Structures are given as structure tokens and as C-alpha cells.
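Data from work_21.cif: mmCIF, C-alpha atoms
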data_target
#
loop_
_atom_site.label_atom_id
_atom_site.label_comp_id
_atom_site.auth_asym_id
_atom_site.auth_seq_id
_atom_site.Cartn_x
_atom_site.Cartn_y
_atom_site.Cartn_z
CA MET A 17 53.97 -31.96 -21.93
CA THR A 18 53.20 -34.82 -19.63
CA HIS A 19 49.54 -35.72 -19.26
CA HIS A 20 48.44 -37.11 -15.93
CA GLN A 21 45.70 -39.65 -15.72
CA TRP A 22 43.62 -40.57 -12.73
CA PRO A 23 44.24 -44.09 -11.52
CA ILE A 24 41.45 -46.39 -12.58
CA PRO A 25 40.43 -48.77 -9.82
CA SER A 26 39.83 -52.38 -10.58
CA GLY A 27 36.35 -53.24 -11.77
CA SER A 28 35.70 -49.88 -13.41
CA SER A 29 35.91 -48.91 -17.06
CA PRO A 30 37.88 -45.95 -18.47
CA ALA A 31 34.62 -44.30 -19.54
CA GLN A 32 33.57 -43.74 -15.94
CA ASP A 33 34.27 -40.54 -14.00
CA PRO A 34 37.54 -40.53 -12.03
CA PRO A 35 37.27 -41.14 -8.32
CA THR A 36 37.25 -38.28 -5.89
CA PRO A 37 40.71 -37.69 -4.34
CA ASP A 38 41.23 -37.90 -0.61
CA TYR A 39 40.54 -34.84 1.45
CA ASP A 40 43.63 -32.74 2.07
CA PRO A 41 43.23 -30.43 5.13
CA SER A 42 46.13 -28.30 3.93
CA THR A 43 44.11 -27.23 0.89
CA PRO A 44 41.49 -24.74 2.12
CA ALA A 45 40.00 -24.30 -1.34
CA TYR A 46 38.80 -27.85 -1.37
CA SER A 47 35.66 -28.98 0.41
CA PRO A 48 34.92 -32.66 0.84
CA PRO A 49 31.64 -33.95 -0.52
CA SER A 50 28.88 -33.80 2.05
CA SER A 51 26.31 -36.45 2.64
CA ILE A 52 23.96 -34.13 4.58
CA SER A 53 20.50 -34.12 3.06
CA VAL A 54 17.89 -31.37 3.06
CA ARG A 55 16.14 -33.06 5.95
CA ASP A 56 19.25 -32.62 8.08
CA THR A 57 19.40 -28.86 7.44
CA PRO A 58 19.06 -26.89 10.68
CA LYS A 59 15.77 -25.05 11.09
CA CYS A 60 17.60 -21.75 11.50
CA LEU A 61 18.89 -22.04 7.92
CA LYS A 62 15.51 -22.65 6.39
CA ARG A 63 13.48 -19.75 5.04
CA LYS A 64 11.16 -18.37 7.64
CA ARG A 65 7.56 -18.16 6.52
CA SER A 66 4.43 -17.48 8.47
CA GLU A 67 2.19 -20.50 8.48
CA CYS A 68 -1.42 -19.96 7.42
CA ASP A 69 -4.30 -22.28 8.04
CA TYR A 70 -5.96 -22.23 4.64
CA GLY A 71 -8.75 -24.40 5.95
CA LYS A 72 -10.52 -21.54 7.73
CA ILE A 73 -12.79 -19.54 5.46
CA LEU A 74 -14.30 -16.16 6.28
CA GLU A 75 -17.31 -14.67 4.49
CA VAL A 76 -17.28 -10.93 3.89
CA ARG A 77 -20.36 -9.18 2.53
CA VAL A 78 -19.44 -5.90 0.85
CA GLY A 79 -21.77 -3.13 -0.31
CA HIS A 80 -25.37 -2.19 0.30
CA GLN A 81 -27.99 -4.90 0.46
CA SER A 82 -29.36 -4.12 -2.98
CA ALA A 83 -25.94 -4.43 -4.62
CA SER A 84 -23.89 -6.39 -2.10
CA LYS A 85 -21.46 -9.17 -2.94
CA THR A 86 -20.16 -11.96 -0.72
CA PHE A 87 -16.46 -12.83 -0.79
CA CYS A 88 -14.91 -15.98 0.66
CA VAL A 89 -11.39 -15.34 1.91
CA HIS A 90 -8.97 -17.34 4.03
CA THR A 91 -9.12 -16.07 7.58
CA ASP A 92 -5.41 -16.23 8.37
CA ALA A 93 -4.46 -14.55 5.09
CA ILE A 94 -6.63 -11.47 5.55
CA CYS A 95 -6.01 -11.21 9.29
CA ALA A 96 -2.27 -11.06 8.60
CA LYS A 97 -2.88 -7.87 6.62
CA SER A 98 -5.82 -6.19 8.34
CA LYS A 99 -6.02 -5.37 12.03
CA PHE A 100 -9.75 -4.84 11.56
CA PHE A 101 -10.33 -8.45 10.53
CA ALA A 102 -7.88 -9.70 13.15
CA ALA A 103 -9.96 -7.99 15.83
CA ALA A 104 -13.29 -9.01 14.29
CA THR A 105 -12.34 -12.68 14.30
CA SER A 106 -10.72 -12.69 17.74
CA ARG A 107 -12.35 -14.47 20.65
CA ARG A 108 -13.03 -11.18 22.35
CA TRP A 109 -15.19 -9.73 19.58
CA ALA A 110 -16.37 -12.70 17.52
CA THR A 111 -20.02 -13.61 18.12
CA ASP A 112 -20.87 -16.21 15.49
CA SER A 113 -18.21 -17.51 13.11
CA LYS A 114 -20.88 -18.55 10.61
CA LYS A 115 -22.19 -15.01 10.13
CA PRO A 116 -20.44 -12.94 7.45
CA ILE A 117 -18.60 -9.74 8.31
CA ARG A 118 -20.41 -6.82 6.70
CA LEU A 119 -18.83 -3.81 5.02
CA PRO A 120 -21.94 -1.97 3.82
CA HIS A 121 -20.19 1.32 2.98
CA GLU A 122 -17.46 -0.16 0.77
CA TYR A 123 -17.50 -1.06 -2.91
CA PRO A 124 -17.26 -4.72 -4.01
CA LYS A 125 -14.91 -3.76 -6.83
CA THR A 126 -12.56 -2.05 -4.39
CA PHE A 127 -12.59 -5.00 -2.00
CA ALA A 128 -11.87 -7.41 -4.85
CA ALA A 129 -8.80 -5.34 -5.71
CA TYR A 130 -7.80 -5.41 -2.04
CA LEU A 131 -7.74 -9.22 -2.16
CA ASP A 132 -4.94 -8.98 -4.74
CA TRP A 133 -2.92 -7.29 -2.02
CA VAL A 134 -3.91 -9.95 0.54
CA TYR A 135 -2.80 -12.89 -1.59
CA PHE A 136 -0.15 -11.48 -3.94
CA ASN A 137 1.19 -8.32 -2.21
CA GLU A 138 0.27 -6.32 -5.31
CA ILE A 139 -1.59 -3.04 -5.63
CA ASP A 140 -2.15 -2.25 -9.28
CA ILE A 141 -3.63 1.23 -9.77
CA ASP A 142 -4.14 3.03 -13.04
CA THR A 143 -3.12 6.54 -12.02
CA SER A 144 -4.59 8.21 -15.07
CA GLN A 145 -6.92 11.11 -14.47
CA LEU A 146 -10.08 9.00 -14.84
CA MET A 147 -9.02 6.42 -12.26
CA TYR A 148 -8.14 8.70 -9.37
CA GLY A 149 -11.52 8.13 -7.73
CA ASP A 150 -10.74 4.41 -7.69
CA ALA A 151 -7.35 5.09 -6.14
CA ALA A 152 -8.90 7.17 -3.37
CA SER A 153 -11.45 4.45 -2.62
CA ARG A 154 -8.61 1.97 -2.14
CA TYR A 155 -6.95 4.30 0.34
CA VAL A 156 -10.21 4.72 2.24
CA LEU A 157 -10.74 0.96 2.35
CA ALA A 158 -7.19 0.33 3.59
CA ASP A 159 -7.72 2.97 6.27
CA THR A 160 -11.04 1.40 7.29
CA LEU A 161 -9.48 -2.07 7.52
CA ASP A 162 -6.50 -0.66 9.45
CA ASP A 163 -3.99 -1.96 6.93
CA VAL A 164 -1.06 0.43 7.21
CA GLN A 165 1.06 -1.20 4.51
CA ALA A 166 -1.72 -1.09 1.92
CA ARG A 167 -2.47 2.51 2.83
CA ASN A 168 1.17 3.50 2.38
CA LYS A 169 1.39 1.65 -0.94
CA VAL A 170 -1.57 3.58 -2.34
CA THR A 171 -0.13 6.84 -1.03
CA ASP A 172 3.20 6.18 -2.74
CA LYS A 173 1.52 5.50 -6.08
CA LEU A 174 -0.54 8.68 -5.85
CA LEU A 175 2.48 10.76 -4.88
CA ASP A 176 4.42 9.42 -7.86
CA ALA A 177 1.65 10.62 -10.14
CA TRP A 178 1.36 13.99 -8.41
CA MET A 179 5.09 14.57 -8.66
CA GLU A 180 4.74 14.26 -12.42
CA GLY A 181 2.31 17.17 -12.39
CA VAL A 182 -0.98 15.30 -12.87
CA LEU A 183 -3.35 16.43 -10.11
CA PRO A 184 -6.24 14.32 -8.79
CA ASN A 185 -9.63 15.06 -10.26
CA ALA A 186 -12.71 16.25 -8.40
CA ALA A 187 -14.02 12.71 -7.86
CA CYS A 188 -10.85 11.72 -6.01
CA VAL A 189 -10.87 14.85 -3.84
CA GLU A 190 -14.56 14.59 -3.00
CA LEU A 191 -14.35 10.91 -2.09
CA LEU A 192 -11.33 11.41 0.13
CA PHE A 193 -12.75 14.44 1.95
CA GLU A 194 -16.08 12.70 2.46
CA HIS A 195 -14.72 9.43 3.88
CA SER A 196 -11.62 10.51 5.79
CA PRO A 197 -11.07 12.56 8.96
CA PRO A 198 -9.53 16.05 8.85
CA SER A 199 -6.30 14.61 10.28
CA CYS A 200 -5.84 12.36 7.23
CA LYS A 201 -2.27 12.65 5.94
CA LEU A 202 -3.28 12.03 2.33
CA ARG A 203 -5.56 15.06 2.55
CA LEU A 204 -2.61 17.23 3.50
CA LEU A 205 -0.44 15.79 0.75
CA MET A 206 -3.22 16.41 -1.76
CA ILE A 207 -3.54 20.02 -0.61
CA HIS A 208 0.19 20.69 -0.96
CA ALA A 209 0.20 19.09 -4.40
CA HIS A 210 -2.44 21.61 -5.50
CA ILE A 211 -0.66 24.56 -3.90
CA ALA A 212 2.46 23.74 -5.90
CA ARG A 213 0.60 23.43 -9.23
CA ILE A 214 -2.56 25.51 -9.41
CA CYS A 215 -3.06 29.15 -10.41
CA PRO A 216 -5.88 31.70 -9.75
CA ARG A 217 -7.49 30.86 -13.09
CA TRP A 218 -7.77 27.21 -12.00
CA LEU A 219 -9.53 28.28 -8.79
CA GLU A 220 -12.07 30.32 -10.73
CA ARG A 221 -12.76 27.49 -13.15
CA GLU A 222 -12.95 24.60 -10.64
CA ALA A 223 -14.53 26.31 -7.62
CA LYS A 224 -17.92 24.62 -8.09
CA CYS A 225 -16.51 21.13 -8.71
CA PHE A 226 -14.61 20.56 -5.47
CA PRO A 227 -16.03 20.29 -1.93
CA PRO A 228 -15.96 23.41 0.29
CA ALA A 229 -13.82 21.64 2.90
CA PHE A 230 -11.11 21.22 0.28
CA PHE A 231 -10.92 24.95 -0.47
CA GLN A 232 -11.04 25.79 3.23
CA GLN A 233 -8.01 23.64 3.96
CA LEU A 234 -6.35 24.87 0.77
CA ALA A 235 -6.67 28.48 1.98
CA LEU A 236 -5.37 27.67 5.46
CA GLU A 237 -2.32 25.81 4.18
CA SER A 238 -1.61 28.57 1.65
CA LEU A 239 -1.61 31.17 4.42
CA LYS A 240 0.81 29.08 6.46
CA ARG A 241 3.27 29.14 3.57
CA THR A 242 2.90 32.91 3.02
CA ASP A 243 5.02 35.42 4.90
CA ILE A 244 2.30 37.67 6.34
CA ARG A 245 3.71 40.86 7.78
CA ARG A 246 2.29 42.92 10.58
CA ALA A 247 -0.01 45.83 9.86
CA GLU A 248 2.60 48.44 10.81
CA ASP A 249 5.05 46.91 8.35
CA ILE A 250 2.70 47.25 5.37
CA PRO A 251 3.91 50.10 3.13
CA LYS A 252 1.71 53.11 2.45
CA ILE A 253 -0.24 52.89 -0.79
CA GLY A 254 -1.38 56.52 -0.95
CA VAL A 255 -5.07 55.86 -0.36
CA SER A 256 -6.84 57.15 2.74
CA ARG A 257 -9.63 55.27 4.47
CA SER A 258 -12.22 57.88 3.44
CA ARG A 259 -11.47 57.19 -0.21
CA LEU A 260 -11.71 53.40 -0.04
#
Represent the structure contained in this file as C-alpha cells.
Amino acid sequence: MTHHQWPIPSGSSPAQDPPTPDYDPSTPAYSPPSSISVRDTPKCLKRKRSECDYGKILEVRVGHQSASKTFCVHTDAICAKSKFFAAATSRRWATDSKKPIRLPHEYPKTFAAYLDWVYFNEIDIDTSQLMYGDAASRYVLADTLDDVQARNKVTDKLLDAWMEGVLPNAACVELLFEHSPPSCKLRLLMIHAHIARICPRWLEREAKCFPPAFFQQLALESLKRTDIRRAEDIPKIGVSRSRL
């Protein structure tokens, strides 16, 4: 077998790498070395990323005055997630940029968890039975801040748990029904999760633990799923009115 060697140009040693052969246009598999640097890369090929001004800081005071906590968050970062903050910091509504935005009806712990979503796109919820109240508070906060993506993320995590047969506890139901409107979609999903899982014995045992509005909507949705026949179609049961 004949071994071919690359020609060694004058002034170079055999230990050096062989020179690059000339470009042959008839060989499509070969691409000539390019001298284009990263700086010469067209802007359309670069990764698009929204630019944030991390120099602007917004103060947010969360909770009641006796147990409130002040958070410092980058304005552009939180406004990119929340339409509430985007409107509150706009020229139309902003009054004094030095005054903190107050959220007196929210929990500092819940808002601190929301900041994980603002900066890292993560919503970490322990969907065990004891933590369902915390999960509902995150949904309520996302709804208050008009953050649709965060609200949908929490809903997906709760639905995954409900599909496994673990229903929300009374704290979760009470918090959601107290701080959300009747048109809330998570309310309806929660109701249907109970309809699919509960039995009459559960209703007798838990009747005093859940809010009345929950059982009212539970009854209405149950009737919608039941085939109720007309009075003339009900079969005779052999009992006259005088004997009832």
C-alpha cells in the first residue's frame, strides 16, 4: 500500500500540521476555512433576548403593616411578567417613583416565591396535602398581578396532583373561594375534581369544613351532569300523595 504524504513547504518542520489544500469547488463536501469572526455575525443570526435595565429598582411592600415586608425587585424584570406592575409603573398611573407599591392583602412568603418565577421562570410547589393552601395563594397572587403564565403554571401543577386522585384540602378550597370571583376557572376545575372523586360519606364528614359557596357550586355542577327527566317520565313507585 502506498502512503501519501503532504508536501512540506520550505521553512517548516515535519512535526507541524500539514497545510490546508486549495479549495476545490467541485467538492461540495468541503468548506473553505472562514475568517469571519463573531463580531461579523449578522444580527438576525444572534439569539434574540429582551433587554432589561437592571439599574431601575422598584420597592414592593407586601402584607399588613404589622407584618409587612419590603422587597426590592428590578422594574423591567417584574414588569415583563406582570401586567399589574407594568401599569403601575407606567407614566399614566405612576405618581411618585420613590414610593413603594403596596400589596397589603398578599403574603410576603407567597410574593418571595413569585420572585423565583420572575427571575428564573420556576414555580416550585409541594403539592402534598398540607401545602395546597400555599398553592392556592400563589394562584391568587398571579391572578391579582395579572400574570397569565404564572397562573397557568400553578393550574397545571394542581391539575397534575388532582389527576392522581389527591384532592385539595379545606384550606385550599376556602382560600380560593374567598379571594377569587365566581367566574374563576380554577374554581370550576376544583369542583369537577371533587365530583369525580367524592362519595356521599365524604359529604357528610366534610360538610362543616368547606365554605358554603363550594357546596352550592358543587350541587349546581352535579345537577348539570345528571340526566334529569321530566315529571311525567318518572315511573310510578306505588305510593300516593296522601300516604307520603
Checklist entry - Separation of atom CA of Val189 of chain A and atom CA of Val156 of chain A, in Å? => result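 Atom CA of Val156 of chain A lies at a distance of 11.8 Å from atom CA of Val189 of chain A.
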Next on the checklist: I'd like the interatomic distance between atom CA of Glu190 of chain A and atom CA of Asn137 of chain A, to a tenth of an Å.
Outcome noted: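 So the answer is 27.8 Å.
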Item to check | Proximity to Ile94 of chain A - best of A:Val134, A:Cys188, A:Leu119, A:Leu239, all atoms listed in the file | outcome: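 Ranked by minimum distance to Ile94 of chain A, first place goes to A:Val134.
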Checklist entry - Quick one: residues within 12 Å of segment 206-219 of chain A, all atoms listed in the file counted, chain neighbours fewer than 6 positions away excluded, as an MDAnalysis selection string? => result chainID A and resid 148 152 171 174:186 188:190 192:193 198 200 225:226 229:242
Do you know which residues are at most 12 Å from Ala128 of chain A counting all atoms listed in the file, after dropping those on the same chain fewer than 2 positions away, and could you put them as a CSV table (one decimal) with C-alpha atoms, in the frame of the given file?
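Heads up, here's the output in result_28.csv:
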chain,number,residue,atom,x,y,z
A,76,VAL,CA,-17.3,-10.9,3.9
A,77,ARG,CA,-20.4,-9.2,2.5
A,78,VAL,CA,-19.4,-5.9,0.8
A,79,GLY,CA,-21.8,-3.1,-0.3
A,85,LYS,CA,-21.5,-9.2,-2.9
A,86,THR,CA,-20.2,-12.0,-0.7
A,87,PHE,CA,-16.5,-12.8,-0.8
A,88,CYS,CA,-14.9,-16.0,0.7
A,89,VAL,CA,-11.4,-15.3,1.9
A,122,GLU,CA,-17.5,-0.2,0.8
A,123,TYR,CA,-17.5,-1.1,-2.9
A,124,PRO,CA,-17.3,-4.7,-4.0
A,125,LYS,CA,-14.9,-3.8,-6.8
A,126,THR,CA,-12.6,-2.0,-4.4
A,130,TYR,CA,-7.8,-5.4,-2.0
A,131,LEU,CA,-7.7,-9.2,-2.2
A,132,ASP,CA,-4.9,-9.0,-4.7
A,133,TRP,CA,-2.9,-7.3,-2.0
A,134,VAL,CA,-3.9,-10.0,0.5
A,135,TYR,CA,-2.8,-12.9,-1.6
A,139,ILE,CA,-1.6,-3.0,-5.6
A,140,ASP,CA,-2.2,-2.2,-9.3
A,154,ARG,CA,-8.6,2.0,-2.1
A,157,LEU,CA,-10.7,1.0,2.4
Item to check | Picked residues, the PyMOL selection byres ((chain A and resi 159-161) around 12), expected as a ChimeraX atom specification | outcome: /A:94-104,117-122,127,130,134,152-158,162-171,192,195-197,200-202
Item to check | Two-atom distance - atom CA of Phe136 of chain A, atom CA of Asp150 of chain A (Å) | outcome: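 These atoms are spaced 19.5 Å apart.
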Next on the checklist: Expand the PyMOL selection byres ((chain A and resi 90) around 6) into the explicit residue set it covers here, and present it as a list in words.
Outcome noted: Tyr70, Lys72, Ile73, Leu74, Val89, Thr91, Asp92 and Ala93 of chain A
